[in-house]
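Asks: One structure follows; several queries about it will come next.
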Amino acid sequence: MAQAAALCHEAGADLIWKWPRITRQEFLDKACRIPVQGISGGVMGENISALAAARRAFPDLPPLRGGSGLNIFNSQAARIFGRDCVSVTLSPPELSFDAIGTLVFRLTAGVETDPIPECIIHGPAELAVSEDCIIATAHGRCLQCGGDTPGDRPWFGIQDVKKHIFPVTVDAECRTHVWNSRETCIIDHLDLLVNAGIRHVAIDCRIRNGRYAESVVRAYQDAFALLIAGGESMKGGRKIQALKDRVHQRASGGGLPPVTS
């Protein structure tokens, strides 16, 4: 944690401590004893109990943030979580741009101090988390306990009847995470997101490598620069299409088999 805080400080960025979706008492007991002085961005929780535990453990921690696992679909739910959270994360695949615009309008139209809505603009959605290591069942051993280094571990996915492949990863607690077969990619719809009132965005690169994250972030920075400069349609423009192609090429790499969007 100290190393991560130092890296973020050097880069001029805030460190946000993202808690997992499954937070049993053993995790909470350990997490609530970790010094949080360097976590300038606060704690992000994926469920109500985790957020409540973080508030009790760190009453003076800068902010709490609501992750996409809270499944925020309307302004009333956002306001409920906003009693503790400075921000809540939305996911465009589940919400239309019109719905996002309505949610943002209702949050900003009142006199209350409501949470800042942010949107995930790129990355695979996390579909499911299991306490069981299904790879150990299918493969004969757990990747975390087998002694393999991350670079030497085989890649696993679940293929459905339509031949779509859903990436499968195992975390440090031997829990299984199943990801969507297609990555969210709205690089050519950023104008719709901005018009809906969104001013904070997130890119999810947790199951990718550093080169992938750097490439995708730069592509979206260039896309936002095009949007601010104007003069080209975000849908069908030559430059924005080149950026979309660049992102799609990286989506086929990054240490994973091709995952199209």
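Chain labels follow the order of the structure tokens: the first chain is A, the next B, and so on; residue numbering restarts at 1 in every chain, and ligands are counted from 1 in their shown order.
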Write out as a ChimeraX atom specification which residues come within 12 Å of Arg33 of chain A when counting only C-alpha atoms, dropping same-chain ones fewer than 3 positions away.
Replies: /A:26-30,36-37,53-54,56-58
Asks: Could you write those residues out with N, CA and C atoms, as a tab-separated table (two decimals), in the first residue's frame?
Replies:
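Contents of out_20.tsv, freshly written:
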chain	number	residue	atom	x	y	z
A	26	GLU	N	-13.26	-11.64	8.01
A	26	GLU	CA	-11.80	-11.79	8.10
A	26	GLU	C	-11.10	-10.69	7.30
A	27	PHE	N	-11.62	-10.39	6.10
A	27	PHE	CA	-11.03	-9.31	5.31
A	27	PHE	C	-11.20	-7.97	6.02
A	28	LEU	N	-12.42	-7.70	6.53
A	28	LEU	CA	-12.68	-6.42	7.17
A	28	LEU	C	-11.79	-6.23	8.39
A	29	ASP	N	-11.60	-7.29	9.17
A	29	ASP	CA	-10.76	-7.20	10.37
A	29	ASP	C	-9.33	-6.79	10.00
A	30	LYS	N	-8.82	-7.36	8.91
A	30	LYS	CA	-7.45	-7.04	8.48
A	30	LYS	C	-7.39	-5.67	7.81
A	36	VAL	N	-4.05	4.25	6.68
A	36	VAL	CA	-4.64	4.79	5.45
A	36	VAL	C	-4.16	6.22	5.15
A	37	GLN	N	-3.08	6.65	5.78
A	37	GLN	CA	-2.65	8.03	5.61
A	37	GLN	C	-2.33	8.36	4.15
A	53	ALA	N	-18.51	-0.49	7.08
A	53	ALA	CA	-17.33	-0.89	7.84
A	53	ALA	C	-16.18	0.09	7.65
A	54	ALA	N	-16.01	0.58	6.42
A	54	ALA	CA	-14.94	1.54	6.14
A	54	ALA	C	-15.19	2.85	6.89
A	56	ARG	N	-16.84	3.21	9.71
A	56	ARG	CA	-16.59	3.00	11.14
A	56	ARG	C	-15.10	2.93	11.43
A	57	ALA	N	-14.34	2.26	10.54
A	57	ALA	CA	-12.91	2.07	10.79
A	57	ALA	C	-12.11	3.34	10.53
A	58	PHE	N	-12.54	4.12	9.53
A	58	PHE	CA	-11.77	5.30	9.13
A	58	PHE	C	-12.68	6.53	9.14
Asks: Under the rule of at most 8 Å, produce a per-residue listing of segment 152-206 of chain A near segment 93-99 of chain A: chain, number, name, the closest pair of atoms, and the distance in Å, as CSV, using only C-alpha atoms.
Replies:
residue,atom,partner,partner_atom,distance
A:Thr184,CA,A:Pro93,CA,7.2
A:Leu192,CA,A:Phe97,CA,6.6
A:Leu193,CA,A:Phe97,CA,6.4
A:Ala196,CA,A:Phe97,CA,6.4
Asks: Selected residues, all heavy atoms, written as an mmCIF file, in the first residue's frame, please.
Replies:
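Final output, result04.cif:
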data_model
loop_
_atom_site.group_PDB
_atom_site.id
_atom_site.type_symbol
_atom_site.label_atom_id
_atom_site.label_comp_id
_atom_site.auth_asym_id
_atom_site.auth_seq_id
_atom_site.Cartn_x
_atom_site.Cartn_y
_atom_site.Cartn_z
ATOM 1 N N THR A 184 -16.642 -2.971 -22.742
ATOM 2 C CA THR A 184 -17.306 -1.690 -22.924
ATOM 3 C C THR A 184 -16.345 -0.759 -23.659
ATOM 4 O O THR A 184 -15.181 -0.639 -23.289
ATOM 5 C CB THR A 184 -17.682 -1.080 -21.568
ATOM 6 O OG1 THR A 184 -18.596 -1.945 -20.900
ATOM 7 C CG2 THR A 184 -18.301 0.296 -21.734
ATOM 8 N N LEU A 192 -22.011 12.127 -26.251
ATOM 9 C CA LEU A 192 -23.306 11.825 -25.629
ATOM 10 C C LEU A 192 -23.178 11.771 -24.111
ATOM 11 O O LEU A 192 -24.072 12.214 -23.378
ATOM 12 C CB LEU A 192 -23.857 10.502 -26.163
ATOM 13 C CG LEU A 192 -24.127 10.432 -27.665
ATOM 14 C CD1 LEU A 192 -24.626 9.043 -28.044
ATOM 15 C CD2 LEU A 192 -25.131 11.494 -28.084
ATOM 16 N N LEU A 193 -22.048 11.230 -23.638
ATOM 17 C CA LEU A 193 -21.815 11.136 -22.196
ATOM 18 C C LEU A 193 -21.636 12.524 -21.587
ATOM 19 O O LEU A 193 -22.198 12.833 -20.530
ATOM 20 C CB LEU A 193 -20.591 10.261 -21.927
ATOM 21 C CG LEU A 193 -20.475 9.619 -20.545
ATOM 22 C CD1 LEU A 193 -21.657 8.707 -20.287
ATOM 23 C CD2 LEU A 193 -19.176 8.852 -20.421
ATOM 24 N N ALA A 196 -24.784 14.340 -21.405
ATOM 25 C CA ALA A 196 -25.632 13.829 -20.319
ATOM 26 C C ALA A 196 -25.233 14.398 -18.964
ATOM 27 O O ALA A 196 -25.926 14.167 -17.976
ATOM 28 C CB ALA A 196 -25.572 12.303 -20.281
#
Asks: Can you list, as a PDB file with all heavy atoms, in the first residue's frame, every protein, DNA or RNA residue that comes within 12 Å of Ile240 of chain A when you count only C-alpha atoms, leaving out same-chain residues fewer than 4 positions away?
Replies:
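For reference, result03.pdb as written:
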ATOM      1  N   ILE A 186     -16.846   3.135 -25.424  1.00  0.00           N
ATOM      2  CA  ILE A 186     -17.704   4.219 -25.903  1.00  0.00           C
ATOM      3  C   ILE A 186     -16.851   5.409 -26.352  1.00  0.00           C
ATOM      4  O   ILE A 186     -17.248   6.569 -26.205  1.00  0.00           O
ATOM      5  CB  ILE A 186     -18.734   4.645 -24.836  1.00  0.00           C
ATOM      6  CG1 ILE A 186     -18.037   5.126 -23.564  1.00  0.00           C
ATOM      7  CG2 ILE A 186     -19.686   3.514 -24.510  1.00  0.00           C
ATOM      8  CD1 ILE A 186     -19.021   5.739 -22.573  1.00  0.00           C
ATOM      9  N   ILE A 187     -15.687   5.106 -26.919  1.00  0.00           N
ATOM     10  CA  ILE A 187     -14.768   6.169 -27.330  1.00  0.00           C
ATOM     11  C   ILE A 187     -15.390   7.071 -28.393  1.00  0.00           C
ATOM     12  O   ILE A 187     -15.039   8.255 -28.491  1.00  0.00           O
ATOM     13  CB  ILE A 187     -13.442   5.560 -27.826  1.00  0.00           C
ATOM     14  CG1 ILE A 187     -12.350   6.641 -27.891  1.00  0.00           C
ATOM     15  CG2 ILE A 187     -13.612   4.840 -29.162  1.00  0.00           C
ATOM     16  CD1 ILE A 187     -10.952   6.084 -28.071  1.00  0.00           C
ATOM     17  N   ASP A 188     -16.326   6.545 -29.197  1.00  0.00           N
ATOM     18  CA  ASP A 188     -16.977   7.363 -30.210  1.00  0.00           C
ATOM     19  C   ASP A 188     -18.357   7.864 -29.761  1.00  0.00           C
ATOM     20  O   ASP A 188     -19.138   8.360 -30.573  1.00  0.00           O
ATOM     21  CB  ASP A 188     -17.101   6.600 -31.533  1.00  0.00           C
ATOM     22  CG  ASP A 188     -17.774   5.250 -31.379  1.00  0.00           C
ATOM     23  OD1 ASP A 188     -17.901   4.781 -30.229  1.00  0.00           O
ATOM     24  OD2 ASP A 188     -18.168   4.645 -32.391  1.00  0.00           O
ATOM     25  N   HIS A 189     -18.628   7.738 -28.467  1.00  0.00           N
ATOM     26  CA  HIS A 189     -19.890   8.256 -27.917  1.00  0.00           C
ATOM     27  C   HIS A 189     -19.627   9.198 -26.741  1.00  0.00           C
ATOM     28  O   HIS A 189     -20.540   9.478 -25.962  1.00  0.00           O
ATOM     29  CB  HIS A 189     -20.775   7.105 -27.437  1.00  0.00           C
ATOM     30  CG  HIS A 189     -21.246   6.192 -28.533  1.00  0.00           C
ATOM     31  ND1 HIS A 189     -22.128   6.593 -29.506  1.00  0.00           N
ATOM     32  CD2 HIS A 189     -20.937   4.902 -28.815  1.00  0.00           C
ATOM     33  CE1 HIS A 189     -22.361   5.585 -30.341  1.00  0.00           C
ATOM     34  NE2 HIS A 189     -21.636   4.556 -29.941  1.00  0.00           N
ATOM     35  N   LEU A 190     -18.405   9.695 -26.628  1.00  0.00           N
ATOM     36  CA  LEU A 190     -18.075  10.537 -25.479  1.00  0.00           C
ATOM     37  C   LEU A 190     -18.885  11.824 -25.468  1.00  0.00           C
ATOM     38  O   LEU A 190     -19.177  12.373 -24.399  1.00  0.00           O
ATOM     39  CB  LEU A 190     -16.574  10.861 -25.482  1.00  0.00           C
ATOM     40  CG  LEU A 190     -15.633   9.667 -25.304  1.00  0.00           C
ATOM     41  CD1 LEU A 190     -14.182  10.131 -25.355  1.00  0.00           C
ATOM     42  CD2 LEU A 190     -15.907   8.931 -24.001  1.00  0.00           C
ATOM     43  N   ASP A 191     -19.261  12.298 -26.660  1.00  0.00           N
ATOM     44  CA  ASP A 191     -20.069  13.514 -26.717  1.00  0.00           C
ATOM     45  C   ASP A 191     -21.432  13.305 -26.062  1.00  0.00           C
ATOM     46  O   ASP A 191     -21.941  14.193 -25.367  1.00  0.00           O
ATOM     47  CB  ASP A 191     -20.231  13.984 -28.165  1.00  0.00           C
ATOM     48  CG  ASP A 191     -20.786  12.902 -29.079  1.00  0.00           C
ATOM     49  OD1 ASP A 191     -20.670  11.696 -28.734  1.00  0.00           O
ATOM     50  OD2 ASP A 191     -21.335  13.249 -30.144  1.00  0.00           O
ATOM     51  N   ALA A 219      -5.451   6.861 -25.716  1.00  0.00           N
ATOM     52  CA  ALA A 219      -6.443   6.931 -26.791  1.00  0.00           C
ATOM     53  C   ALA A 219      -7.653   7.752 -26.354  1.00  0.00           C
ATOM     54  O   ALA A 219      -8.167   8.587 -27.113  1.00  0.00           O
ATOM     55  CB  ALA A 219      -6.870   5.533 -27.215  1.00  0.00           C
ATOM     56  N   TYR A 220      -8.111   7.543 -25.126  1.00  0.00           N
ATOM     57  CA  TYR A 220      -9.260   8.301 -24.643  1.00  0.00           C
ATOM     58  C   TYR A 220      -8.897   9.760 -24.381  1.00  0.00           C
ATOM     59  O   TYR A 220      -9.729  10.659 -24.576  1.00  0.00           O
ATOM     60  CB  TYR A 220      -9.836   7.647 -23.392  1.00  0.00           C
ATOM     61  CG  TYR A 220     -10.812   6.541 -23.713  1.00  0.00           C
ATOM     62  CD1 TYR A 220     -10.383   5.236 -23.882  1.00  0.00           C
ATOM     63  CD2 TYR A 220     -12.172   6.799 -23.871  1.00  0.00           C
ATOM     64  CE1 TYR A 220     -11.274   4.215 -24.198  1.00  0.00           C
ATOM     65  CE2 TYR A 220     -13.073   5.802 -24.182  1.00  0.00           C
ATOM     66  CZ  TYR A 220     -12.620   4.508 -24.340  1.00  0.00           C
ATOM     67  OH  TYR A 220     -13.507   3.517 -24.670  1.00  0.00           O
ATOM     68  N   GLN A 221      -7.669  10.018 -23.954  1.00  0.00           N
ATOM     69  CA  GLN A 221      -7.235  11.405 -23.805  1.00  0.00           C
ATOM     70  C   GLN A 221      -7.274  12.122 -25.153  1.00  0.00           C
ATOM     71  O   GLN A 221      -7.726  13.264 -25.248  1.00  0.00           O
ATOM     72  CB  GLN A 221      -5.819  11.451 -23.220  1.00  0.00           C
ATOM     73  CG  GLN A 221      -5.747  11.094 -21.744  1.00  0.00           C
ATOM     74  CD  GLN A 221      -4.314  11.037 -21.226  1.00  0.00           C
ATOM     75  OE1 GLN A 221      -3.377  10.741 -21.984  1.00  0.00           O
ATOM     76  NE2 GLN A 221      -4.134  11.319 -19.949  1.00  0.00           N
ATOM     77  N   ASP A 222      -6.799  11.435 -26.198  1.00  0.00           N
ATOM     78  CA  ASP A 222      -6.836  12.016 -27.548  1.00  0.00           C
ATOM     79  C   ASP A 222      -8.281  12.224 -28.008  1.00  0.00           C
ATOM     80  O   ASP A 222      -8.586  13.215 -28.668  1.00  0.00           O
ATOM     81  CB  ASP A 222      -6.094  11.107 -28.533  1.00  0.00           C
ATOM     82  CG  ASP A 222      -4.596  11.061 -28.279  1.00  0.00           C
ATOM     83  OD1 ASP A 222      -4.096  11.955 -27.566  1.00  0.00           O
ATOM     84  OD2 ASP A 222      -3.929  10.136 -28.785  1.00  0.00           O
ATOM     85  N   ALA A 223      -9.161  11.279 -27.653  1.00  0.00           N
ATOM     86  CA  ALA A 223     -10.569  11.409 -28.051  1.00  0.00           C
ATOM     87  C   ALA A 223     -11.225  12.607 -27.373  1.00  0.00           C
ATOM     88  O   ALA A 223     -11.983  13.355 -28.000  1.00  0.00           O
ATOM     89  CB  ALA A 223     -11.325  10.126 -27.719  1.00  0.00           C
ATOM     90  N   PHE A 224     -10.933  12.796 -26.090  1.00  0.00           N
ATOM     91  CA  PHE A 224     -11.491  13.952 -25.391  1.00  0.00           C
ATOM     92  C   PHE A 224     -10.927  15.251 -25.968  1.00  0.00           C
ATOM     93  O   PHE A 224     -11.635  16.260 -26.045  1.00  0.00           O
ATOM     94  CB  PHE A 224     -11.201  13.866 -23.894  1.00  0.00           C
ATOM     95  CG  PHE A 224     -12.217  13.066 -23.122  1.00  0.00           C
ATOM     96  CD1 PHE A 224     -11.862  11.866 -22.520  1.00  0.00           C
ATOM     97  CD2 PHE A 224     -13.521  13.519 -22.989  1.00  0.00           C
ATOM     98  CE1 PHE A 224     -12.796  11.125 -21.817  1.00  0.00           C
ATOM     99  CE2 PHE A 224     -14.459  12.783 -22.276  1.00  0.00           C
ATOM    100  CZ  PHE A 224     -14.095  11.592 -21.686  1.00  0.00           C
ATOM    101  N   ALA A 225      -9.657  15.226 -26.379  1.00  0.00           N
ATOM    102  CA  ALA A 225      -9.068  16.412 -27.005  1.00  0.00           C
ATOM    103  C   ALA A 225      -9.793  16.746 -28.306  1.00  0.00           C
ATOM    104  O   ALA A 225     -10.058  17.921 -28.606  1.00  0.00           O
ATOM    105  CB  ALA A 225      -7.579  16.188 -27.267  1.00  0.00           C
ATOM    106  N   LEU A 226     -10.144  15.722 -29.091  1.00  0.00           N
ATOM    107  CA  LEU A 226     -10.905  15.935 -30.317  1.00  0.00           C
ATOM    108  C   LEU A 226     -12.290  16.506 -30.007  1.00  0.00           C
ATOM    109  O   LEU A 226     -12.788  17.390 -30.699  1.00  0.00           O
ATOM    110  CB  LEU A 226     -11.057  14.622 -31.086  1.00  0.00           C
ATOM    111  CG  LEU A 226      -9.827  14.086 -31.823  1.00  0.00           C
ATOM    112  CD1 LEU A 226     -10.136  12.717 -32.422  1.00  0.00           C
ATOM    113  CD2 LEU A 226      -9.395  15.048 -32.917  1.00  0.00           C
ATOM    114  N   LEU A 227     -12.900  15.986 -28.952  1.00  0.00           N
ATOM    115  CA  LEU A 227     -14.231  16.459 -28.574  1.00  0.00           C
ATOM    116  C   LEU A 227     -14.188  17.927 -28.164  1.00  0.00           C
ATOM    117  O   LEU A 227     -15.057  18.722 -28.557  1.00  0.00           O
ATOM    118  CB  LEU A 227     -14.768  15.601 -27.426  1.00  0.00           C
ATOM    119  CG  LEU A 227     -16.124  15.995 -26.832  1.00  0.00           C
ATOM    120  CD1 LEU A 227     -17.209  15.933 -27.902  1.00  0.00           C
ATOM    121  CD2 LEU A 227     -16.474  15.096 -25.654  1.00  0.00           C
ATOM    122  N   GLY A 230     -13.541  20.174 -31.244  1.00  0.00           N
ATOM    123  CA  GLY A 230     -14.655  20.231 -32.172  1.00  0.00           C
ATOM    124  C   GLY A 230     -14.184  20.077 -33.601  1.00  0.00           C
ATOM    125  O   GLY A 230     -13.023  19.772 -33.882  1.00  0.00           O
ATOM    126  N   GLY A 231     -15.083  20.253 -34.537  1.00  0.00           N
ATOM    127  CA  GLY A 231     -14.717  20.200 -35.942  1.00  0.00           C
ATOM    128  C   GLY A 231     -14.788  18.821 -36.553  1.00  0.00           C
ATOM    129  O   GLY A 231     -14.616  18.658 -37.758  1.00  0.00           O
ATOM    130  N   GLU A 232     -15.045  17.795 -35.746  1.00  0.00           N
ATOM    131  CA  GLU A 232     -15.172  16.446 -36.293  1.00  0.00           C
ATOM    132  C   GLU A 232     -16.252  15.698 -35.544  1.00  0.00           C
ATOM    133  O   GLU A 232     -16.336  15.783 -34.313  1.00  0.00           O
ATOM    134  CB  GLU A 232     -13.854  15.679 -36.191  1.00  0.00           C
ATOM    135  CG  GLU A 232     -13.979  14.239 -36.705  1.00  0.00           C
ATOM    136  CD  GLU A 232     -12.644  13.480 -36.718  1.00  0.00           C
ATOM    137  OE1 GLU A 232     -11.620  14.121 -36.504  1.00  0.00           O
ATOM    138  OE2 GLU A 232     -12.669  12.275 -36.945  1.00  0.00           O
ATOM    139  N   SER A 233     -17.054  14.978 -36.268  1.00  0.00           N
ATOM    140  CA  SER A 233     -18.108  14.179 -35.653  1.00  0.00           C
ATOM    141  C   SER A 233     -17.491  13.052 -34.839  1.00  0.00           C
ATOM    142  O   SER A 233     -16.548  12.395 -35.283  1.00  0.00           O
ATOM    143  CB  SER A 233     -19.029  13.594 -36.728  1.00  0.00           C
ATOM    144  OG  SER A 233     -19.911  12.653 -36.160  1.00  0.00           O
ATOM    145  N   MET A 234     -18.016  12.841 -33.622  1.00  0.00           N
ATOM    146  CA  MET A 234     -17.515  11.755 -32.792  1.00  0.00           C
ATOM    147  C   MET A 234     -17.975  10.405 -33.332  1.00  0.00           C
ATOM    148  O   MET A 234     -17.435   9.378 -32.973  1.00  0.00           O
ATOM    149  CB  MET A 234     -17.987  11.923 -31.354  1.00  0.00           C
ATOM    150  CG  MET A 234     -17.400  13.124 -30.636  1.00  0.00           C
ATOM    151  SD  MET A 234     -15.588  13.067 -30.511  1.00  0.00           S
ATOM    152  CE  MET A 234     -15.381  11.757 -29.309  1.00  0.00           C
ATOM    153  N   LYS A 235     -18.989  10.396 -34.183  1.00  0.00           N
ATOM    154  CA  LYS A 235     -19.490   9.158 -34.771  1.00  0.00           C
ATOM    155  C   LYS A 235     -19.203   9.168 -36.262  1.00  0.00           C
ATOM    156  O   LYS A 235     -19.836   9.896 -37.027  1.00  0.00           O
ATOM    157  CB  LYS A 235     -21.000   9.020 -34.529  1.00  0.00           C
ATOM    158  CG  LYS A 235     -21.564   7.660 -34.931  1.00  0.00           C
ATOM    159  CD  LYS A 235     -21.025   6.554 -34.034  1.00  0.00           C
ATOM    160  CE  LYS A 235     -21.687   5.217 -34.367  1.00  0.00           C
ATOM    161  NZ  LYS A 235     -21.138   4.113 -33.569  1.00  0.00           N
ATOM    162  N   GLY A 236     -18.200   8.408 -36.682  1.00  0.00           N
ATOM    163  CA  GLY A 236     -17.880   8.314 -38.094  1.00  0.00           C
ATOM    164  C   GLY A 236     -16.756   9.209 -38.552  1.00  0.00           C
ATOM    165  O   GLY A 236     -16.352   9.143 -39.716  1.00  0.00           O
ATOM    166  N   LYS A 244     -10.562   4.539 -32.314  1.00  0.00           N
ATOM    167  CA  LYS A 244     -11.352   3.347 -31.983  1.00  0.00           C
ATOM    168  C   LYS A 244     -10.646   2.089 -32.486  1.00  0.00           C
ATOM    169  O   LYS A 244     -10.606   1.068 -31.783  1.00  0.00           O
ATOM    170  CB  LYS A 244     -12.741   3.455 -32.601  1.00  0.00           C
ATOM    171  CG  LYS A 244     -13.708   2.360 -32.167  1.00  0.00           C
ATOM    172  CD  LYS A 244     -15.112   2.635 -32.675  1.00  0.00           C
ATOM    173  CE  LYS A 244     -16.081   1.554 -32.191  1.00  0.00           C
ATOM    174  NZ  LYS A 244     -17.470   1.824 -32.645  1.00  0.00           N
ATOM    175  N   ASP A 245     -10.072   2.154 -33.692  1.00  0.00           N
ATOM    176  CA  ASP A 245      -9.323   1.012 -34.226  1.00  0.00           C
ATOM    177  C   ASP A 245      -8.115   0.710 -33.352  1.00  0.00           C
ATOM    178  O   ASP A 245      -7.777  -0.460 -33.127  1.00  0.00           O
ATOM    179  CB  ASP A 245      -8.877   1.299 -35.661  1.00  0.00           C
ATOM    180  CG  ASP A 245     -10.040   1.359 -36.635  1.00  0.00           C
ATOM    181  OD1 ASP A 245     -11.119   0.842 -36.292  1.00  0.00           O
ATOM    182  OD2 ASP A 245      -9.873   1.939 -37.728  1.00  0.00           O
ATOM    183  N   ARG A 246      -7.466   1.759 -32.837  1.00  0.00           N
ATOM    184  CA  ARG A 246      -6.300   1.553 -31.978  1.00  0.00           C
ATOM    185  C   ARG A 246      -6.702   0.830 -30.691  1.00  0.00           C
ATOM    186  O   ARG A 246      -6.011  -0.102 -30.252  1.00  0.00           O
ATOM    187  CB  ARG A 246      -5.659   2.897 -31.627  1.00  0.00           C
ATOM    188  CG  ARG A 246      -4.343   2.756 -30.856  1.00  0.00           C
ATOM    189  CD  ARG A 246      -3.999   3.971 -30.009  1.00  0.00           C
ATOM    190  NE  ARG A 246      -4.004   5.225 -30.749  1.00  0.00           N
ATOM    191  CZ  ARG A 246      -3.759   6.403 -30.165  1.00  0.00           C
ATOM    192  NH1 ARG A 246      -3.509   6.463 -28.857  1.00  0.00           N
ATOM    193  NH2 ARG A 246      -3.780   7.506 -30.881  1.00  0.00           N
ATOM    194  N   VAL A 247      -7.814   1.241 -30.130  1.00  0.00           N
ATOM    195  CA  VAL A 247      -8.289   0.597 -28.901  1.00  0.00           C
ATOM    196  C   VAL A 247      -8.645  -0.861 -29.173  1.00  0.00           C
ATOM    197  O   VAL A 247      -8.324  -1.754 -28.384  1.00  0.00           O
ATOM    198  CB  VAL A 247      -9.495   1.365 -28.328  1.00  0.00           C
ATOM    199  CG1 VAL A 247     -10.158   0.561 -27.217  1.00  0.00           C
ATOM    200  CG2 VAL A 247      -9.066   2.719 -27.803  1.00  0.00           C
TER     201      VAL A 247
END
Asks: Please provide the set of residues having any atom within 9 Å of Ile198 of chain A, restricted to only C-alpha atoms, with same-chain residues fewer than 4 positions apart removed, written as JSON, numbers by chain.
Replies: {"A": [100, 101, 104, 116, 117, 118, 119, 193, 194]}
Asks: Take the selection from the previous step and output its residues with N, CA, C and O atoms, as a PDB file, in the first residue's frame.
Replies:
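After the write, out-v1.pdb holds the following:
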ATOM      1  N   ILE A 100     -28.888   8.240 -18.085  1.00  0.00           N
ATOM      2  CA  ILE A 100     -27.787   8.870 -17.354  1.00  0.00           C
ATOM      3  C   ILE A 100     -28.032  10.371 -17.245  1.00  0.00           C
ATOM      4  O   ILE A 100     -27.825  10.978 -16.188  1.00  0.00           O
ATOM      5  N   GLY A 101     -28.496  10.990 -18.357  1.00  0.00           N
ATOM      6  CA  GLY A 101     -28.779  12.416 -18.331  1.00  0.00           C
ATOM      7  C   GLY A 101     -29.850  12.773 -17.316  1.00  0.00           C
ATOM      8  O   GLY A 101     -29.734  13.763 -16.583  1.00  0.00           O
ATOM      9  N   VAL A 104     -28.317  12.426 -13.751  1.00  0.00           N
ATOM     10  CA  VAL A 104     -27.426  13.536 -13.432  1.00  0.00           C
ATOM     11  C   VAL A 104     -28.219  14.810 -13.179  1.00  0.00           C
ATOM     12  O   VAL A 104     -27.938  15.565 -12.238  1.00  0.00           O
ATOM     13  N   ILE A 116     -21.116  12.624  -6.659  1.00  0.00           N
ATOM     14  CA  ILE A 116     -20.725  12.877  -8.042  1.00  0.00           C
ATOM     15  C   ILE A 116     -20.870  11.575  -8.824  1.00  0.00           C
ATOM     16  O   ILE A 116     -20.271  10.564  -8.456  1.00  0.00           O
ATOM     17  N   PRO A 117     -21.647  11.568  -9.911  1.00  0.00           N
ATOM     18  CA  PRO A 117     -21.751  10.337 -10.714  1.00  0.00           C
ATOM     19  C   PRO A 117     -20.584  10.239 -11.693  1.00  0.00           C
ATOM     20  O   PRO A 117     -20.253  11.212 -12.374  1.00  0.00           O
ATOM     21  N   GLU A 118     -19.947   9.088 -11.724  1.00  0.00           N
ATOM     22  CA  GLU A 118     -18.914   8.840 -12.719  1.00  0.00           C
ATOM     23  C   GLU A 118     -19.321   7.611 -13.525  1.00  0.00           C
ATOM     24  O   GLU A 118     -20.133   6.809 -13.071  1.00  0.00           O
ATOM     25  N   CYS A 119     -18.764   7.483 -14.730  1.00  0.00           N
ATOM     26  CA  CYS A 119     -19.127   6.377 -15.608  1.00  0.00           C
ATOM     27  C   CYS A 119     -17.907   5.581 -16.021  1.00  0.00           C
ATOM     28  O   CYS A 119     -16.830   6.146 -16.247  1.00  0.00           O
ATOM     29  N   LEU A 193     -22.048  11.230 -23.638  1.00  0.00           N
ATOM     30  CA  LEU A 193     -21.815  11.136 -22.196  1.00  0.00           C
ATOM     31  C   LEU A 193     -21.636  12.524 -21.587  1.00  0.00           C
ATOM     32  O   LEU A 193     -22.198  12.833 -20.530  1.00  0.00           O
ATOM     33  N   VAL A 194     -20.852  13.363 -22.251  1.00  0.00           N
ATOM     34  CA  VAL A 194     -20.640  14.729 -21.769  1.00  0.00           C
ATOM     35  C   VAL A 194     -21.945  15.512 -21.803  1.00  0.00           C
ATOM     36  O   VAL A 194     -22.276  16.252 -20.870  1.00  0.00           O
TER      37      VAL A 194
END
Asks: As a PyMOL selection string, please: all residues of segment 12-242 of chain A that backbone DSSP puts in alpha helix (DSSP H).
Replies: chain A and resi 25-31+48-57+75-81+97-109+134-139+190-195+210-229+238-242
Asks: Given the choices A:Ala13, A:Gly42, A:Arg218, A:Pro115, which gets closest to Ile72 of chain A if the distance is worked out from only C-alpha atoms?
Replies: A:Pro115
Asks: Go through A:Ala229, A:Ile121, A:Cys174, A:Cys142 and flag the residue nearest Ile22 of chain A, using only C-alpha atoms for the distances.
Replies: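 Smallest distance to Ile22 of chain A is found for A:Cys174.
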Asks: What's the separation between atom CA of Pro62 of chain A and atom CA of Cys85 of chain A, in Å to one decimal place?
Replies: 10.3 Å
Asks: Counting only C-alpha atoms, what is within 10 Å of Pro20 of chain A, bar same-chain residues fewer than 2 positions away, as JSON, numbers by chain?
Replies: {"A": [17, 18, 22, 23, 24, 27, 44, 45, 46, 47, 50, 67, 69, 129, 171]}
Asks: Store the residues picked out above in a file with C-alpha atoms, as a short mmCIF file (atom, residue, chain, number, x, y, z; two decimals), in the first residue's frame.
Replies:
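Okay, result03.cif is ready:
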data_model
loop_
_atom_site.label_atom_id
_atom_site.label_comp_id
_atom_site.auth_asym_id
_atom_site.auth_seq_id
_atom_site.Cartn_x
_atom_site.Cartn_y
_atom_site.Cartn_z
CA TRP A 17 -8.24 1.70 -2.23
CA LYS A 18 -10.72 -0.53 -4.08
CA ILE A 22 -16.95 -10.10 -1.33
CA THR A 23 -15.80 -8.66 1.99
CA ARG A 24 -16.15 -11.24 4.74
CA PHE A 27 -11.03 -9.31 5.31
CA MET A 44 -14.18 2.44 -2.85
CA GLY A 45 -16.72 -0.18 -1.77
CA GLU A 46 -18.87 -2.53 -3.83
CA ASN A 47 -21.51 -3.27 -1.21
CA ALA A 50 -18.19 -2.72 3.20
CA GLY A 67 -18.20 1.15 -6.98
CA GLY A 69 -21.12 -3.30 -7.86
CA VAL A 129 -17.63 -13.44 -8.33
CA ASP A 171 -7.66 -13.30 -7.15
#
Asks: Which one of A:Asn180, A:Arg21, A:Leu15, A:Thr108 sits closest to Asp160 of chain A if you count only C-alpha atoms?
Replies: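 Smallest distance to Asp160 of chain A is found for A:Asn180.
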Asks: As a count of residues only, which residues of segment 24-223 of chain A does DSSP assign to strand (DSSP E)?
Replies: 52
Asks: So which residues touch Phe81 of chain A within 10 Å, counting only C-alpha atoms, skipping near sequence neighbours fewer than 3 positions away, as a list of chain:residue names?
Replies: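 The contact residues come out as A:Ile48, A:Leu51, A:Leu64, A:Arg65, A:Gly66, A:Leu70, A:Ile72, A:Ser75, A:Gln76, A:Ala77, A:Ala78, A:Asp84, A:Cys85, A:Val86, A:Ser87, A:Val88, A:Asp114, A:Pro115.
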